[in-house]
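Source file: run14.txt (compact mmCIF, C-alpha atoms)
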# COMPACT_ATOMS: atom_id res chain seq x y z
CA ASP Z 6 42.72 6.65 32.31
CA THR Z 7 40.93 8.04 35.37
CA ALA Z 8 43.76 10.42 36.26
CA ARG Z 9 43.75 11.99 32.78
CA ALA Z 10 39.97 12.23 32.78
CA THR Z 11 40.00 13.87 36.20
CA LYS Z 12 42.48 16.50 35.00
CA LEU Z 13 40.30 17.34 31.99
CA PHE Z 14 37.13 17.45 34.10
CA GLU Z 15 38.84 19.77 36.60
CA GLU Z 16 39.87 22.09 33.77
CA ALA Z 17 36.27 22.17 32.54
CA ALA Z 18 35.05 22.88 36.09
CA GLN Z 19 37.35 25.92 36.27
CA ASP Z 20 35.37 27.29 33.33
CA GLY Z 21 32.10 26.62 35.17
CA ASN Z 22 31.22 23.33 33.44
CA GLY Z 23 30.42 20.65 36.03
CA GLU Z 24 29.31 17.90 33.65
CA GLY Z 25 32.63 16.06 33.86
CA LEU Z 26 32.73 16.24 37.65
CA GLU Z 27 29.22 14.80 37.71
CA GLN Z 28 30.25 11.87 35.51
CA LEU Z 29 33.33 11.33 37.66
CA GLY Z 30 31.30 11.39 40.89
CA ALA Z 31 28.74 8.96 39.50
CA PHE Z 32 31.58 6.66 38.37
CA PHE Z 33 33.12 6.57 41.83
CA MET Z 34 29.77 6.13 43.57
CA TRP Z 35 28.22 3.43 41.35
CA GLU Z 36 31.24 1.61 39.91
CA LYS Z 37 34.08 2.03 42.37
CA ARG Z 38 31.90 2.22 45.48
CA ASN Z 39 34.05 5.08 46.80
CA ARG Z 40 31.49 6.99 48.82
CA LYS Z 41 33.64 9.97 49.78
CA LYS Z 42 35.02 10.68 46.33
CA GLY Z 43 31.69 10.11 44.64
CA GLU Z 44 29.84 12.45 46.98
CA MET Z 45 32.57 15.11 46.81
CA TYR Z 46 32.61 15.32 43.01
CA LEU Z 47 28.82 15.18 42.72
CA ARG Z 48 28.40 17.94 45.30
CA ARG Z 49 30.81 20.14 43.38
CA ALA Z 50 28.90 19.46 40.15
CA GLY Z 51 25.63 20.35 41.88
CA GLU Z 52 27.10 23.59 43.14
CA LEU Z 53 28.04 24.40 39.53
CA GLY Z 54 24.37 24.13 38.59
CA ARG Z 55 24.10 20.45 37.61
CA THR Z 56 20.64 19.59 38.92
CA SER Z 57 21.07 15.98 37.84
CA ALA Z 58 24.06 15.69 40.21
CA TRP Z 59 21.78 16.34 43.20
CA GLU Z 60 19.35 13.79 41.77
CA THR Z 61 22.14 11.22 41.46
CA LEU Z 62 23.21 11.88 45.04
CA ALA Z 63 19.62 11.43 46.24
CA GLU Z 64 19.37 8.15 44.32
CA GLY Z 65 22.69 6.96 45.71
CA ALA Z 66 21.61 7.85 49.23
CA MET Z 67 18.30 5.98 49.00
CA TYR Z 68 20.01 2.80 47.81
CA GLY Z 69 22.70 2.90 50.49
CA PHE Z 70 25.69 3.99 48.37
CA LEU Z 71 26.37 6.96 50.66
CA GLY Z 72 26.25 5.31 54.05
CA THR Z 73 23.51 4.21 56.42
CA ALA Z 74 21.67 7.50 56.94
CA ARG Z 75 19.53 6.93 53.86
CA GLY Z 76 16.52 9.04 54.80
CA THR Z 77 18.51 12.01 56.12
CA LYS Z 78 20.86 12.07 53.16
CA PHE Z 79 18.03 11.69 50.67
CA ASN Z 80 16.10 14.60 52.18
CA GLU Z 81 19.19 16.82 52.06
CA PHE Z 82 19.86 16.15 48.39
CA ALA Z 83 16.18 16.22 47.48
CA GLN Z 84 15.90 19.72 48.95
CA LEU Z 85 18.90 20.89 46.92
CA ALA Z 86 17.48 19.28 43.76
CA ARG Z 87 14.08 20.89 44.25
CA ALA Z 88 15.77 24.27 44.72
CA GLN Z 89 17.08 23.83 41.17
CA LYS Z 90 13.60 22.89 39.85
CA SER Z 91 14.25 19.13 39.52
CA SER Z 92 11.35 17.07 38.21
CA ARG Z 93 12.97 13.64 38.60
CA ILE Z 94 13.32 13.97 42.37
CA GLU Z 95 9.55 13.42 42.81
CA VAL Z 96 9.88 10.11 40.95
CA LEU Z 97 12.73 9.05 43.25
CA ASP Z 98 10.69 10.03 46.29
CA ALA Z 99 7.78 7.93 44.99
CA GLN Z 100 10.14 4.99 44.44
CA ARG Z 101 11.27 5.29 48.05
CA GLN Z 102 7.64 5.06 49.12
CA MET Z 103 6.97 2.13 46.80
CA TRP Z 104 9.89 0.01 48.02
CA GLY Z 105 9.73 1.13 51.65
CA ILE Z 106 13.14 2.81 51.85
CA SER Z 107 13.34 4.72 55.15
CA MET Z 108 9.53 4.54 55.38
CA ARG Z 109 6.70 2.02 55.25
CA ALA Z 110 6.11 0.68 51.73
CA SER Z 111 2.76 1.68 50.27
CA GLY Z 112 1.43 1.31 46.74
CA PRO Z 113 -1.51 3.70 47.24
CA LYS Z 114 0.73 6.42 48.72
CA THR Z 115 3.15 5.95 45.82
CA ILE Z 116 0.33 6.49 43.33
CA ALA Z 117 -0.93 9.49 45.29
CA LYS Z 118 2.50 11.15 45.28
CA LEU Z 119 2.89 10.64 41.54
CA GLU Z 120 -0.62 11.89 40.79
CA GLU Z 121 -0.02 15.03 42.83
CA ALA Z 122 3.27 15.74 41.05
CA ALA Z 123 1.84 14.98 37.60
CA SER Z 124 -1.19 17.17 38.23
CA GLY Z 125 1.25 19.96 39.08
CA GLY Z 126 2.81 19.66 35.63
CA ASN Z 127 5.65 17.22 36.37
CA LYS Z 128 6.19 15.26 33.15
CA ASP Z 129 8.65 12.78 34.68
CA ALA Z 130 6.10 11.87 37.34
CA ALA Z 131 3.32 11.47 34.76
CA LYS Z 132 5.43 9.14 32.60
CA PHE Z 133 6.57 7.04 35.54
CA LEU Z 134 2.99 6.80 36.80
CA ILE Z 135 1.65 5.62 33.44
CA SER Z 136 4.37 2.98 33.10
CA LEU Z 137 4.03 1.81 36.70
CA VAL Z 138 0.27 1.28 36.48
CA ARG Z 139 0.54 -0.28 33.03
CA ASP Z 140 3.03 -2.90 34.26
CA GLY Z 141 2.48 -3.17 38.04
CA ASN Z 142 5.42 -3.90 40.32
CA GLN Z 143 4.54 -7.42 41.54
CA MET Z 144 4.43 -6.11 45.10
CA ASN Z 145 2.06 -3.30 46.03
CA VAL Z 146 0.93 -1.81 42.70
CA ARG Z 147 -1.39 -3.94 40.58
CA LYS Z 148 -1.15 -4.06 36.80
CA ARG Z 149 -4.03 -1.92 35.48
CA PRO Z 150 -3.64 -1.08 31.78
CA ASP Z 151 -7.07 0.58 31.59
CA GLN Z 152 -6.09 2.98 34.37
CA ALA Z 153 -2.84 3.68 32.52
CA SER Z 154 -4.93 4.68 29.47
CA ARG Z 155 -6.92 7.10 31.61
CA TYR Z 156 -3.69 8.65 32.87
CA VAL Z 157 -2.46 9.10 29.27
CA GLU Z 158 -5.66 11.02 28.52
CA LYS Z 159 -5.51 13.01 31.76
CA TYR Z 160 -1.89 14.09 31.32
CA SER Z 161 -1.88 14.31 27.52
CA ASP Z 162 -0.88 17.99 27.68
CA LEU Z 163 2.45 16.90 29.22
CA LEU Z 164 3.17 14.33 26.50
CA THR Z 165 4.22 14.63 22.87
CA PRO Z 166 2.11 13.00 20.14
CA ASP Z 167 4.87 10.36 19.69
CA GLU Z 168 4.87 9.57 23.40
CA ILE Z 169 1.10 9.20 23.39
CA SER Z 170 1.25 6.81 20.41
CA GLN Z 171 3.93 4.74 22.12
CA TYR Z 172 1.98 4.54 25.37
CA GLU Z 173 -1.17 3.51 23.51
CA PHE Z 174 0.80 0.75 21.74
CA THR Z 175 2.46 -0.58 24.92
CA ILE Z 176 -0.78 -0.42 26.91
CA GLN Z 177 -2.49 -2.52 24.25
CA ALA Z 178 0.49 -4.87 24.43
CA ALA Z 179 0.07 -5.13 28.20
CA LYS Z 180 -3.53 -6.29 27.70
CA THR Z 181 -2.62 -8.95 25.11
CA ARG Z 182 -1.82 -12.52 26.13
CA ARG Z 183 -2.78 -14.70 23.15
CA VAL Z 184 0.12 -15.53 20.83
CA GLY Z 185 -2.36 -15.49 17.95
CA ASP Z 186 -2.82 -11.75 18.51
CA TYR Z 187 0.89 -10.96 18.39
CA LYS Z 188 1.13 -10.92 14.59
CA SER Z 189 -0.84 -7.67 14.35
CA PHE Z 190 1.66 -5.95 16.67
CA HIS Z 191 4.52 -7.01 14.42
CA GLU Z 192 2.70 -5.61 11.39
CA ARG Z 193 2.01 -2.30 13.12
CA LEU Z 194 5.58 -1.96 14.37
CA SER Z 195 6.97 -2.76 10.92
CA LYS Z 196 4.98 0.20 9.53
CA TRP Z 197 5.78 2.58 12.40
CA ASP Z 198 6.32 6.12 11.08
CA ASP Z 199 9.51 6.83 13.04
CA ALA Z 200 12.47 4.75 14.15
CA ILE Z 201 11.84 2.69 17.28
CA SER Z 202 13.86 4.11 20.17
CA ASP Z 203 15.59 2.08 22.86
CA ASP Z 204 13.17 3.58 25.40
CA PHE Z 205 10.18 2.43 23.37
CA GLY Z 206 11.70 -1.05 23.10
CA ARG Z 207 12.35 -1.21 26.85
CA ASP Z 208 8.79 -0.08 27.54
CA LEU Z 209 7.43 -2.76 25.22
CA PHE Z 210 9.46 -5.48 26.96
CA SER Z 211 8.26 -4.26 30.37
CA ALA Z 212 4.64 -4.22 29.20
CA ASN Z 213 4.69 -7.72 27.67
CA SER Z 214 7.98 -9.62 27.65
CA ASN Z 215 6.55 -12.55 25.65
CA LEU Z 216 5.37 -10.21 22.90
CA ALA Z 217 8.77 -8.52 22.80
CA ILE Z 218 10.48 -11.91 22.39
CA TYR Z 219 7.95 -12.85 19.68
CA LEU Z 220 8.72 -9.65 17.75
CA LEU Z 221 12.43 -10.42 17.79
CA GLN Z 222 11.87 -14.08 16.87
CA LYS Z 223 9.69 -13.18 13.90
CA ASP Z 224 12.05 -10.55 12.58
CA MET Z 225 15.17 -12.68 13.10
CA LYS Z 226 13.46 -15.59 11.33
CA SER Z 227 12.54 -13.44 8.33
CA ARG Z 228 16.23 -12.53 8.03
CA GLY Z 229 17.42 -16.11 8.41
CA ASP Z 230 19.04 -15.53 11.80
CA PHE Z 231 16.69 -17.77 13.78
CA LYS Z 232 15.56 -21.34 13.04
CA GLY Z 233 13.24 -22.08 15.97
CA SER Z 234 9.51 -21.62 16.57
CA VAL Z 235 8.07 -18.12 16.70
CA ASN Z 236 6.14 -18.50 19.96
CA GLY Z 237 7.22 -15.68 22.27
CA LEU Z 238 9.08 -18.06 24.59
CA ALA Z 239 12.71 -17.77 25.67
CA THR Z 240 13.67 -21.19 24.28
CA LYS Z 241 17.28 -22.34 23.98
CA ALA Z 242 17.34 -21.52 20.26
CA THR Z 243 15.86 -18.10 20.98
CA MET Z 244 18.42 -17.32 23.67
CA GLN Z 245 21.28 -18.36 21.40
CA ALA Z 246 20.02 -16.15 18.56
CA ILE Z 247 19.48 -13.16 20.86
CA PHE Z 248 22.91 -13.62 22.46
CA LYS Z 249 24.55 -13.70 19.02
CA GLU Z 250 22.79 -10.46 18.07
CA CYS Z 251 23.60 -8.88 21.40
CA LYS Z 252 27.33 -9.39 20.92
CA THR Z 253 27.29 -7.18 17.82
CA SER Z 254 25.00 -4.50 19.29
CA ARG Z 255 25.72 -1.28 21.20
CA VAL Z 256 24.71 -3.01 24.44
CA SER Z 257 27.21 -5.83 23.96
CA ARG Z 258 28.73 -5.19 27.40
CA ASN Z 259 25.44 -6.41 28.94
CA CYS Z 260 25.37 -9.74 27.07
CA LYS Z 261 27.40 -11.72 29.58
CA HIS Z 262 24.98 -10.88 32.41
CA SER Z 263 21.60 -11.55 30.83
CA VAL Z 264 20.05 -11.03 27.43
CA VAL Z 265 16.43 -11.33 28.57
CA GLU Z 266 16.24 -7.95 30.26
CA PRO Z 267 14.84 -4.55 29.23
CA ASN Z 268 18.05 -2.79 28.16
CA VAL Z 269 19.14 -5.61 25.84
CA ILE Z 270 15.76 -6.48 24.35
CA GLY Z 271 14.82 -2.80 24.05
CA SER Z 272 18.00 -2.02 22.13
CA LEU Z 273 17.59 -5.03 19.83
CA LEU Z 274 13.98 -4.11 19.06
CA ALA Z 275 15.16 -0.60 18.14
CA ARG Z 276 17.79 -2.16 15.89
CA HIS Z 277 15.32 -4.44 14.10
CA PHE Z 278 12.51 -1.91 13.63
CA ARG Z 279 14.41 1.13 12.37
Show the structure stored in the file as structure tokens.
Amino acid sequence: DTARATKLFEEAAQDGNGEGLEQLGAFFMWEKRNRKKGEMYLRRAGELGRTSAWETLAEGAMYGFLGTARGTKFNEFAQLARAQKSSRIEVLDAQRQMWGISMRASGPKTIAKLEEAASGGNKDAAKFLISLVRDGNQMNVRKRPDQASRYVEKYSDLLTPDEISQYEFTIQAAKTRRVGDYKSFHERLSKWDDAISDDFGRDLFSANSNLAIYLLQKDMKSRGDFKGSVNGLATKATMQAIFKECKTSRVSRNCKHSVVEPNVIGSLLARHFR
């Protein structure tokens, strides 16, 4: 009930809380593709102190959801986000450079921007940099797990011990290609001290999709939910088992699109290795 939600969000905004207006603006911009309404609500949320609203506007601008003036709009919202001490805006700016949005695409310049921001204490930039270099982007940034390890060490003061452990695990996963070596990762993950988060699962899939599939296959087979070979391949039997699990998970709305993608596999890994 969008009308009812809007009324409640407006009431909250009168008390100085712009979170609802931000959600409403993002809904209109991403889902309904209503540029004017989306921008209007997000601007109001930003003016109420919601830094993430300016970040969302910048992201919408760079991907063309706010008209054709991508570069001009992005710069406007980036300036407003930086005025509120945004850290994510430097990641978005690096993504613009990486994909060549309103500028010439350049992998080296992308890395340089992220290194500069991370060296200035920007945790979001450091985390994006580590993940990007660990995985590569199949265009202008090569996969370099060893360099990712050096970044983890260099920016360790910006990371928690859990984040460092997760990066070390996924970087090792990114280096591993032999199915015979996958068993040790399953053993380590089964004994992990804390619950596996969705983010950790998504990172693992991005680092080595075959290993992520193997981990699900092995765990599903041990529970009797999978009858095929545990080989890390997206076979028909594997896809059917994953789809069945997906339908009963918290990401069930994504099942009809694709089950072999980071959000689905990441969530299922978190579910299996609690």
Which residues of range 161-225 of chain Z come within 12 Å of range 249-264 of chain Z, and what is each one's closest atom pair and distance in Å (one decimal), counting all atoms listed in the file, sorted by chain and residue number, as CSV?
residue,atom,partner,partner_atom,distance
Z:Asp203,CA,Z:Val256,CA,10.6
Z:Phe210,CA,Z:Val264,CA,12.0
Z:Ile218,CA,Z:Val264,CA,10.9
Z:Leu221,CA,Z:Glu250,CA,10.4
Z:Gln222,CA,Z:Glu250,CA,11.6
Z:Met225,CA,Z:Glu250,CA,9.4
Separation of CA of Leu194 in chain Z and CA of His277 in chain Z, in Å?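 Between CA of Leu194 in chain Z and CA of His277 in chain Z the gap works out to 10.1 Å.
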Quick one: distance from CA of Ala178 in chain Z to CA of Gly237 in chain Z in Å, one decimal?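 According to the coordinates, CA of Ala178 in chain Z and CA of Gly237 in chain Z are separated by 12.9 Å.
One finds CA of Trp59 in chain Z at 5.2 Å from CA of Ala86 in chain Z.
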Quick one: residues within 9 Å of (8.0, 5.2, 44.8) (file frame), counting only C-alpha atoms, please, as a PyMOL selection string. chain Z and resi 95-105+110-112+114-116+118-119
Residues at most 9 Å from range 11-25 of chain Z, counting only C-alpha atoms, excluding those fewer than 6 positions away in the same chain, as a ChimeraX atom specification? /Z:47,49-55,58
May I have the residues within 6 Å of Ala66 in chain Z as a list in words, using only C-alpha atoms and disregarding those fewer than 2 positions away in the same chain?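 After dropping sequence-adjacent residues, the list is Ala63, Glu64, Tyr68, Gly69, Phe70, Leu71, Arg75, Lys78 and Phe79 of chain Z.
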What lies within 7 Å of range 195-200 of chain Z using only C-alpha atoms, ignoring chain neighbours under 4 positions off, as a list in words?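 Once the adjacent positions are removed, what remains is His191, Phe278 and Arg279 of chain Z.
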Would you output that residue set with C-alpha atoms, as a PDB file, keeping the file's coordinate frame?
ATOM      1  CA  HIS Z 191       4.520  -7.010  14.420  1.00  0.00           C
ATOM      2  CA  PHE Z 278      12.510  -1.910  13.630  1.00  0.00           C
ATOM      3  CA  ARG Z 279      14.410   1.130  12.370  1.00  0.00           C
TER       4      ARG Z 279
END
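Comparing Z:Lys223, Z:Lys42, Z:Lys37, Z:Arg155 by their smallest distance to Val138 in chain Z, the closest is Z:Arg155 (using only C-alpha atoms).
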Name the residues within 7 Å of (18.2, -23.3, 18.5), counting all atoms listed in the file in the file's coordinates, and put them as a list of chain:residue names. Z:Lys232, Z:Gly233, Z:Lys241, Z:Ala242, Z:Thr243, Z:Gln245
Could range 236-253 of chain Z be completed with N, CA and C atoms and returned as a tab-separated table (two decimals), in the coordinates of the input?
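Produced file rebuild.tsv, reproduced below:
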chain	number	residue	atom	x	y	z
Z	236	ASN	N	7.17	-18.25	18.95
Z	236	ASN	CA	6.14	-18.50	19.96
Z	236	ASN	C	6.19	-17.55	21.16
Z	237	GLY	N	7.13	-16.62	21.16
Z	237	GLY	CA	7.22	-15.68	22.27
Z	237	GLY	C	7.86	-16.23	23.53
Z	238	LEU	N	8.46	-17.42	23.42
Z	238	LEU	CA	9.08	-18.06	24.59
Z	238	LEU	C	10.60	-17.99	24.48
Z	239	ALA	N	11.24	-17.86	25.63
Z	239	ALA	CA	12.71	-17.77	25.67
Z	239	ALA	C	13.31	-19.18	25.61
Z	240	THR	N	13.13	-19.84	24.47
Z	240	THR	CA	13.67	-21.19	24.28
Z	240	THR	C	15.19	-21.12	24.13
Z	241	LYS	N	15.82	-22.28	24.13
Z	241	LYS	CA	17.28	-22.34	23.98
Z	241	LYS	C	17.71	-21.72	22.66
Z	242	ALA	N	17.01	-22.07	21.58
Z	242	ALA	CA	17.34	-21.52	20.26
Z	242	ALA	C	17.16	-20.01	20.23
Z	243	THR	N	16.12	-19.54	20.91
Z	243	THR	CA	15.86	-18.10	20.98
Z	243	THR	C	16.98	-17.38	21.72
Z	244	MET	N	17.37	-17.94	22.87
Z	244	MET	CA	18.42	-17.32	23.67
Z	244	MET	C	19.73	-17.27	22.91
Z	245	GLN	N	20.02	-18.33	22.17
Z	245	GLN	CA	21.28	-18.36	21.40
Z	245	GLN	C	21.27	-17.30	20.31
Z	246	ALA	N	20.12	-17.14	19.63
Z	246	ALA	CA	20.02	-16.15	18.56
Z	246	ALA	C	20.12	-14.73	19.11
Z	247	ILE	N	19.44	-14.49	20.24
Z	247	ILE	CA	19.48	-13.16	20.86
Z	247	ILE	C	20.89	-12.84	21.35
Z	248	PHE	N	21.54	-13.84	21.95
Z	248	PHE	CA	22.91	-13.62	22.46
Z	248	PHE	C	23.85	-13.28	21.31
Z	249	LYS	N	23.70	-13.97	20.19
Z	249	LYS	CA	24.55	-13.70	19.02
Z	249	LYS	C	24.35	-12.27	18.53
Z	250	GLU	N	23.08	-11.83	18.49
Z	250	GLU	CA	22.79	-10.46	18.07
Z	250	GLU	C	23.32	-9.46	19.08
Z	251	CYS	N	23.17	-9.79	20.34
Z	251	CYS	CA	23.60	-8.88	21.40
Z	251	CYS	C	25.08	-8.57	21.30
Z	252	LYS	N	25.87	-9.57	20.96
Z	252	LYS	CA	27.33	-9.39	20.92
Z	252	LYS	C	27.77	-8.39	19.86
Z	253	THR	N	26.93	-8.14	18.87
Z	253	THR	CA	27.29	-7.18	17.82
Z	253	THR	C	26.51	-5.88	17.95
